[in-house]
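Everything on this sheet refers to the single structure shown next.
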Amino acid sequence: MQGAVRKISPTSDALGQALLQLIGNTPLLRFHRVTRNLAGVEVLAKAEWKNPGGSVKDRAAANIVTDARRMGRLAGKTLLDSTSGNTGISYAMLGSAEGFPVTLCIPANVSTERARIIRALGAEIVFTDPADGSDGALRRAHELAAAEPQKYFYADQYSNDANWRAHYHGTAEEIWRQTEGRITHFVAMLGTSGTFVGTARRLKELNPHIRCISLQPDSPFHGIEGAKHMPTSIVPQIYDPALADANFFISTEEAHTMLKRLAREEGVLVGISAAAAMVGSLRLAEEIDDNSVIVTICPDGADRYLSERFWEDF
Amino acid sequence: MKVFIPTPLRDYTEKEAVVELSPGSVDEVLRELTSRYPGLRKQLFAEDGRLRKFVNVYVNDEDIRHLENENTQVRYDDTLSIIPSVAGGCFKLERNGCQPPGDVHLRQLSEAG
């Protein structure tokens with residue numbers, strides 16, 4: 001009827017989507033060329049750089065924030081956490097969109113790009129000694145939270161169950177649905193361990209035969225962004241090593257080489273931890289039976305690593 | 001001159017956070033460091049003998065990439081910091097109130113007694 005106002009449901013996509021609704025449901029990317037010697041094994045990866053904040057960390061950050069708001073822990077407070085960058089960008093994005101202040105403890109050797117993105121989104125940065133890495137940032141956040149508990153909601157992504165639950169309810173269910181239950185192996189890098197723990201825990205409930213392989217840097221001194229060498233780090237409270245059927249150690253150089261291969265052979269520019277995840281996935285693919293379906297996680301894209309020295313040899 | 005050792009590498013320097021070495025080029029200083037602590041060699045240098053690509057070196061907070069790379073001269077009162085790249089970049093430009101890494105180490109050392 002001409003002139004009549006068509007009623008639209010408040011939840012209709014015709015009204016556009018809120019930022020939170022854009023998080024998750026990332027594409028499952030299939031690789032063709034780097035896997036050409038592995039006939040019979042599929043290697044698939046969740047393209048997590050498609051999240052609005054540009055990384056997998058949107059999932060954990062959004063769930064931590066939603067959880068805190070539901071329990072009233074964020075009301076009138078500043079969200080505080082330590083991060084090596086990606087979670088910080090997610091928190092800063094959510095703080096801006098939902099109107100709460102954000103303070104982040106970050107090692108001072110974080111890239112210029114990341115620091116500028118976080119500041120552009122309006123969050124405050126407390127830089128910590130770069131020589132102490134992410135553990136130094138974590139200790140600083142603990143100190144700030146303890147000193148001013150009335151000021152801060154300390155999100156503590158390393159201990160917050162909302163971190164791994166984002167993957168238990170989100171990432172794992174998406175993988176199960178997108179592969180139509182065909183997944184046989186799950187591979188992911190350990191950082192806070194939230195991605196691995198949440199996804200592996202749910203996938204094993206859906207099918208106890210799914211093998212889950214965790215990945216770690218091969219040394220405490222490494223250049224794989226966001227990854228933790230567990231034997232020498234402050235171990236996250238949410239980490240459950242029993243979920244891993246195997247663990248592979250990956251060198252930074254292997255990740256750099258894979259990053260270049262994915263750029264040149266697949267047309268995909270992923271971040272360093274994503275490249276490390278692909279190193280682990282291809283290593284696994286060589287060891288397992290045909291008809292296996294490996295799913296891994298590409299936490300972010302290459303655009304946040306453009307100032308790294310390894311590009312000099314590209 | 002003083003070399004500041006990042007936490008993850010102190011297992012290779014008998015827990016030393018600061019190592020005093022003779023002045024020279026960055027390359028000479030790092031060679032002297034790795035001959036004193038041979039376990040550090042594999043951590044800092046690739047098989048071709050070049051500095052590993054994620055290892056950033058700063059002389060008095062300035063990235064040697066913005067100076068003369070490994071040929072940068074380190075004087076008697078200079079400091080050299082070895083920093084694994086979290087994601088590259090130059091922390092001098094973005095530090096915004098962070099203590100210079102050297103000062104932080106020294107403070108920690110004095111607190112440790």
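Residues in the structure tokens are named by chain (A, B, ... in the order shown) and by number from 1 within that chain; ligands are numbered from 1 in the order shown.
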
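Within segment 22-86 of chain A, residues classed as helix (DSSP H, G or I) by DSSP on backbone coordinates are A:Leu22, A:Glu48, A:Trp49, A:Lys50, A:Lys57, A:Asp58, A:Arg59, A:Ala60, A:Ala61, A:Ala62, A:Asn63, A:Ile64, A:Val65, A:Thr66, A:Asp67, A:Ala68, A:Arg69, A:Arg70, A:Asn86.
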
Next, write the just-selected residues to a file, as a CSV table (one decimal), in the first residue's frame, keeping N, CA and C atoms as the atom set.
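Below you can see selection_35.csv, which holds the result:
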chain,number,residue,atom,x,y,z
A,22,LEU,N,28.5,-8.3,14.5
A,22,LEU,CA,29.5,-8.5,13.4
A,22,LEU,C,30.6,-9.4,13.8
A,48,GLU,N,40.0,-15.2,10.8
A,48,GLU,CA,39.6,-14.4,12.0
A,48,GLU,C,39.8,-12.9,11.8
A,49,TRP,N,40.6,-12.5,10.8
A,49,TRP,CA,40.9,-11.1,10.5
A,49,TRP,C,39.6,-10.4,10.0
A,50,LYS,N,38.6,-11.2,9.7
A,50,LYS,CA,37.3,-10.7,9.2
A,50,LYS,C,36.5,-10.1,10.3
A,57,LYS,N,40.6,-11.9,18.6
A,57,LYS,CA,40.4,-11.4,20.0
A,57,LYS,C,39.1,-10.7,20.2
A,58,ASP,N,38.4,-10.3,19.1
A,58,ASP,CA,37.1,-9.7,19.3
A,58,ASP,C,36.1,-10.6,20.0
A,59,ARG,N,36.3,-11.9,19.7
A,59,ARG,CA,35.4,-12.9,20.3
A,59,ARG,C,35.5,-12.9,21.8
A,60,ALA,N,36.7,-13.1,22.4
A,60,ALA,CA,37.0,-13.1,23.8
A,60,ALA,C,36.6,-11.8,24.4
A,61,ALA,N,37.1,-10.7,23.8
A,61,ALA,CA,36.8,-9.4,24.4
A,61,ALA,C,35.3,-9.1,24.5
A,62,ALA,N,34.6,-9.4,23.4
A,62,ALA,CA,33.1,-9.2,23.4
A,62,ALA,C,32.4,-10.0,24.5
A,63,ASN,N,32.9,-11.2,24.7
A,63,ASN,CA,32.2,-12.1,25.7
A,63,ASN,C,32.6,-11.7,27.1
A,64,ILE,N,33.8,-11.2,27.3
A,64,ILE,CA,34.2,-10.7,28.6
A,64,ILE,C,33.4,-9.5,29.0
A,65,VAL,N,33.3,-8.6,28.0
A,65,VAL,CA,32.5,-7.3,28.2
A,65,VAL,C,31.0,-7.6,28.5
A,66,THR,N,30.5,-8.5,27.7
A,66,THR,CA,29.0,-8.8,27.8
A,66,THR,C,28.8,-9.5,29.2
A,67,ASP,N,29.7,-10.4,29.6
A,67,ASP,CA,29.6,-11.1,30.8
A,67,ASP,C,29.7,-10.1,32.0
A,68,ALA,N,30.6,-9.2,31.9
A,68,ALA,CA,30.9,-8.2,33.0
A,68,ALA,C,29.7,-7.2,33.1
A,69,ARG,N,29.1,-6.8,32.0
A,69,ARG,CA,28.0,-5.9,32.0
A,69,ARG,C,26.8,-6.6,32.6
A,70,ARG,N,26.6,-7.9,32.3
A,70,ARG,CA,25.4,-8.6,32.8
A,70,ARG,C,25.5,-8.7,34.3
A,86,ASN,N,46.2,-7.2,20.1
A,86,ASN,CA,44.9,-7.5,19.5
A,86,ASN,C,43.8,-7.4,20.4

**Study point:** Residue nearest Pro130 of chain A - candidates B:Tyr37, B:Phe45, B:Tyr76, B:Phe4, atoms counted: only C-alpha atoms
**Key:** B:Phe4

Exercise for review: Would you list the contacts of Val3 of chain B as a ChimeraX atom specification, taking every protein, DNA or RNA residue within 12 Å and counting only C-alpha atoms, but skipping same-chain residues closer than 3 positions in sequence?
Suggested key: /A:131 /B:6,10,13,16-23,26,29-30,32-34,57-61,74-83,101-102,105-106

Practice item. Might you pull out every residue within 6 Å of Phe54 of chain B, with only C-alpha atoms counted and same-chain residues fewer than 4 positions away left off, and present them as a PyMOL selection string? Key: (chain A and resi 223) or (chain B and resi 84-85)

Point to revise | Using only C-alpha atoms: which of A:Thr199, A:Thr257, A:Thr35, A:Thr171 has the shortest distance to chain B | key: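 Among A:Thr199, A:Thr257, A:Thr35, A:Thr171, it is A:Thr257 that comes nearest to chain B.
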
Exercise for review: Find the residues in chain A near chain B: any atom within 7 Å counts, using only C-alpha atoms. Write them as a ChimeraX atom specification.
Suggested key: /A:108-112,127-132,220-223,225,305,307-310

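Between atom CA of Gln178 of chain A and atom CA of Leu206 of chain A the separation is 13.7 Å.
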
Please produce, as CSV, a per-residue contact table for segment 136-173 of chain A versus segment 53-56 of chain A (criterion: any atom at most 12 Å away, only C-alpha atoms considered), showing the nearest atom pair and its distance in Å to one decimal, sorted by chain then residue number.
residue,atom,partner,partner_atom,distance
A:Asn163,CA,A:Val56,CA,11.1
A:Trp164,CA,A:Val56,CA,11.9
A:Ala166,CA,A:Val56,CA,10.3
A:His167,CA,A:Val56,CA,9.7
A:Gly170,CA,A:Val56,CA,11.1
A:Thr171,CA,A:Val56,CA,9.5

Segment 236-238 of chain A: which residues within 12 Å, counting only C-alpha atoms, same-chain residues fewer than 3 positions away excluded, as a JSON list (two decimals) with N, CA, C and O atoms, in the first residue's frame?
[["chain", "number", "residue", "atom", "x", "y", "z"],
["A", 134, "SER", "N", 54.98, -10.00, 27.44],
["A", 134, "SER", "CA", 53.58, -9.95, 27.88],
["A", 134, "SER", "C", 53.44, -10.24, 29.37],
["A", 134, "SER", "O", 52.50, -9.77, 30.01],
["A", 135, "ASP", "N", 54.37, -10.99, 29.94],
["A", 135, "ASP", "CA", 54.31, -11.24, 31.39],
["A", 135, "ASP", "C", 54.52, -9.95, 32.19],
["A", 135, "ASP", "O", 53.93, -9.77, 33.26],
["A", 138, "LEU", "N", 51.30, -8.09, 32.09],
["A", 138, "LEU", "CA", 50.33, -8.78, 32.98],
["A", 138, "LEU", "C", 50.56, -8.38, 34.44],
["A", 138, "LEU", "O", 49.62, -8.06, 35.17],
["A", 156, "ASP", "N", 41.22, -9.32, 32.97],
["A", 156, "ASP", "CA", 42.12, -10.46, 33.15],
["A", 156, "ASP", "C", 41.83, -11.62, 32.17],
["A", 156, "ASP", "O", 41.39, -12.69, 32.56],
["A", 157, "GLN", "N", 42.13, -11.38, 30.93],
["A", 157, "GLN", "CA", 41.81, -12.37, 29.88],
["A", 157, "GLN", "C", 42.50, -13.72, 30.10],
["A", 157, "GLN", "O", 42.05, -14.74, 29.58],
["A", 158, "TYR", "N", 43.57, -13.74, 30.89],
["A", 158, "TYR", "CA", 44.29, -15.00, 31.14],
["A", 158, "TYR", "C", 43.55, -15.90, 32.14],
["A", 158, "TYR", "O", 43.81, -17.10, 32.20],
["A", 159, "SER", "N", 42.68, -15.29, 32.94],
["A", 159, "SER", "CA", 41.99, -16.06, 33.98],
["A", 159, "SER", "C", 40.47, -16.04, 33.82],
["A", 159, "SER", "O", 39.77, -16.72, 34.57],
["A", 160, "ASN", "N", 39.97, -15.26, 32.87],
["A", 160, "ASN", "CA", 38.52, -15.04, 32.75],
["A", 160, "ASN", "C", 37.87, -16.16, 31.92],
["A", 160, "ASN", "O", 38.19, -16.35, 30.75],
["A", 161, "ASP", "N", 36.95, -16.88, 32.55],
["A", 161, "ASP", "CA", 36.29, -18.00, 31.84],
["A", 161, "ASP", "C", 35.49, -17.54, 30.62],
["A", 161, "ASP", "O", 35.24, -18.33, 29.71],
["A", 162, "ALA", "N", 35.10, -16.26, 30.60],
["A", 162, "ALA", "CA", 34.37, -15.74, 29.42],
["A", 162, "ALA", "C", 35.26, -15.78, 28.18],
["A", 162, "ALA", "O", 34.74, -15.79, 27.06],
["A", 163, "ASN", "N", 36.58, -15.81, 28.36],
["A", 163, "ASN", "CA", 37.51, -15.91, 27.24],
["A", 163, "ASN", "C", 37.30, -17.25, 26.52],
["A", 163, "ASN", "O", 36.88, -17.28, 25.35],
["A", 164, "TRP", "N", 37.52, -18.37, 27.21],
["A", 164, "TRP", "CA", 37.41, -19.66, 26.51],
["A", 164, "TRP", "C", 35.97, -19.99, 26.13],
["A", 164, "TRP", "O", 35.71, -20.64, 25.13],
["A", 165, "ARG", "N", 35.01, -19.45, 26.92],
["A", 165, "ARG", "CA", 33.60, -19.74, 26.61],
["A", 165, "ARG", "C", 33.16, -19.10, 25.29],
["A", 165, "ARG", "O", 32.26, -19.61, 24.63],
["A", 190, "LEU", "N", 48.83, -21.50, 21.18],
["A", 190, "LEU", "CA", 48.51, -21.11, 22.56],
["A", 190, "LEU", "C", 49.02, -19.70, 22.86],
["A", 190, "LEU", "O", 50.19, -19.41, 22.65],
["A", 191, "GLY", "N", 48.11, -18.85, 23.34],
["A", 191, "GLY", "CA", 48.50, -17.53, 23.84],
["A", 191, "GLY", "C", 47.92, -17.41, 25.23],
["A", 191, "GLY", "O", 48.48, -17.96, 26.19],
["A", 192, "THR", "N", 46.74, -16.81, 25.35],
["A", 192, "THR", "CA", 46.01, -16.94, 26.62],
["A", 192, "THR", "C", 45.51, -18.38, 26.74],
["A", 192, "THR", "O", 45.13, -18.82, 27.82],
["A", 193, "SER", "N", 45.48, -19.08, 25.63],
["A", 193, "SER", "CA", 44.99, -20.46, 25.46],
["A", 193, "SER", "C", 43.47, -20.51, 25.33],
["A", 193, "SER", "O", 42.90, -21.59, 25.17],
["A", 194, "GLY", "N", 42.79, -19.36, 25.36],
["A", 194, "GLY", "CA", 41.33, -19.32, 25.29],
["A", 194, "GLY", "C", 40.78, -19.96, 24.02],
["A", 194, "GLY", "O", 39.81, -20.73, 24.07],
["A", 195, "THR", "N", 41.38, -19.66, 22.88],
["A", 195, "THR", "CA", 40.90, -20.22, 21.61],
["A", 195, "THR", "C", 41.02, -21.73, 21.61],
["A", 195, "THR", "O", 40.06, -22.45, 21.28],
["A", 196, "PHE", "N", 42.20, -22.22, 22.00],
["A", 196, "PHE", "CA", 42.41, -23.67, 21.98],
["A", 196, "PHE", "C", 41.50, -24.38, 22.99],
["A", 196, "PHE", "O", 40.81, -25.35, 22.66],
["A", 197, "VAL", "N", 41.50, -23.88, 24.22],
["A", 197, "VAL", "CA", 40.75, -24.55, 25.30],
["A", 197, "VAL", "C", 39.25, -24.58, 25.00],
["A", 197, "VAL", "O", 38.61, -25.65, 25.06],
["A", 198, "GLY", "N", 38.67, -23.44, 24.64],
["A", 198, "GLY", "CA", 37.22, -23.38, 24.41],
["A", 198, "GLY", "C", 36.79, -24.20, 23.21],
["A", 198, "GLY", "O", 35.81, -24.95, 23.26],
["A", 201, "ARG", "N", 37.51, -28.06, 23.78],
["A", 201, "ARG", "CA", 36.59, -28.63, 24.78],
["A", 201, "ARG", "C", 35.23, -28.94, 24.14],
["A", 201, "ARG", "O", 34.67, -30.02, 24.33],
["A", 227, "ALA", "N", 51.77, -15.40, 21.04],
["A", 227, "ALA", "CA", 51.96, -16.81, 21.42],
["A", 227, "ALA", "C", 52.79, -16.91, 22.70],
["A", 227, "ALA", "O", 53.64, -16.07, 22.98],
["A", 228, "LYS", "N", 52.53, -17.97, 23.46],
["A", 228, "LYS", "CA", 53.24, -18.18, 24.73],
["A", 228, "LYS", "C", 54.00, -19.49, 24.72],
["A", 228, "LYS", "O", 53.47, -20.52, 24.30],
["A", 229, "HIS", "N", 55.25, -19.43, 25.17],
["A", 229, "HIS", "CA", 56.05, -20.63, 25.42],
["A", 229, "HIS", "C", 55.74, -21.05, 26.85],
["A", 229, "HIS", "O", 56.30, -20.51, 27.81],
["A", 230, "MET", "N", 54.81, -21.99, 27.00],
["A", 230, "MET", "CA", 54.25, -22.29, 28.33],
["A", 230, "MET", "C", 55.29, -22.72, 29.36],
["A", 230, "MET", "O", 55.19, -22.32, 30.53],
["A", 231, "PRO", "N", 56.32, -23.53, 28.98],
["A", 231, "PRO", "CA", 57.24, -23.98, 30.03],
["A", 231, "PRO", "C", 57.96, -22.85, 30.74],
["A", 231, "PRO", "O", 58.44, -23.03, 31.86],
["A", 232, "THR", "N", 58.05, -21.66, 30.10],
["A", 232, "THR", "CA", 58.80, -20.56, 30.72],
["A", 232, "THR", "C", 57.94, -19.34, 31.00],
["A", 232, "THR", "O", 58.46, -18.28, 31.33],
["A", 233, "SER", "N", 56.62, -19.44, 30.82],
["A", 233, "SER", "CA", 55.76, -18.26, 30.99],
["A", 233, "SER", "C", 54.91, -18.38, 32.25],
["A", 233, "SER", "O", 54.84, -19.45, 32.86],
["A", 241, "PRO", "N", 46.03, -28.24, 29.77],
["A", 241, "PRO", "CA", 46.88, -29.01, 28.84],
["A", 241, "PRO", "C", 46.31, -30.39, 28.51],
["A", 241, "PRO", "O", 46.67, -30.98, 27.49],
["A", 242, "ALA", "N", 45.40, -30.88, 29.35],
["A", 242, "ALA", "CA", 44.84, -32.22, 29.12],
["A", 242, "ALA", "C", 43.99, -32.28, 27.84],
["A", 242, "ALA", "O", 43.72, -33.37, 27.32],
["A", 243, "LEU", "N", 43.59, -31.13, 27.32],
["A", 243, "LEU", "CA", 42.77, -31.12, 26.11],
["A", 243, "LEU", "C", 43.60, -31.41, 24.85],
["A", 243, "LEU", "O", 43.05, -31.73, 23.80]]

Practice item. Go through A:Lys46, A:His142, A:Lys77, A:Arg30 one by one, measure the shortest atom-to-atom distance of each to Phe186 of chain A using only C-alpha atoms, and give the residue with the smallest value. Key: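 Residue with the minimum atom-to-atom distance to Phe186 of chain A: A:Lys46.
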
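Of the listed residues (B:Glu47, B:Thr72, B:Arg31, B:Ile64), B:Glu47 comes nearest to Glu253 of chain A; the distances count only C-alpha atoms.
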
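Nearest-residue note for Asn25 of chain A: choosing from A:Ala141, A:Val279, A:Ile8, A:Ala172, the minimum distance belongs to A:Ala172, counting only C-alpha atoms.
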
Check your understanding: Using only C-alpha atoms, which of B:Tyr12, B:Leu67, B:Gln73, B:Met1 sits nearest Arg36 of chain B?
Key ->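 Among the listed residues, B:Tyr12 lies closest to Arg36 of chain B.
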
Exercise for review: Would you mind listing what lies within 10 Å of Glu286 of chain A as a ChimeraX atom specification, with only C-alpha atoms counted and same-chain residues fewer than 5 positions away left out?
Suggested key: /A:35,37-38,41,281

**Study point:** DSSP-assigned strand (DSSP E or B) members of segment 92-252 of chain A, reported as a PyMOL selection string
**Key:** chain A and resi 102-107+124-128+152-154+185-189+211-217+246-250
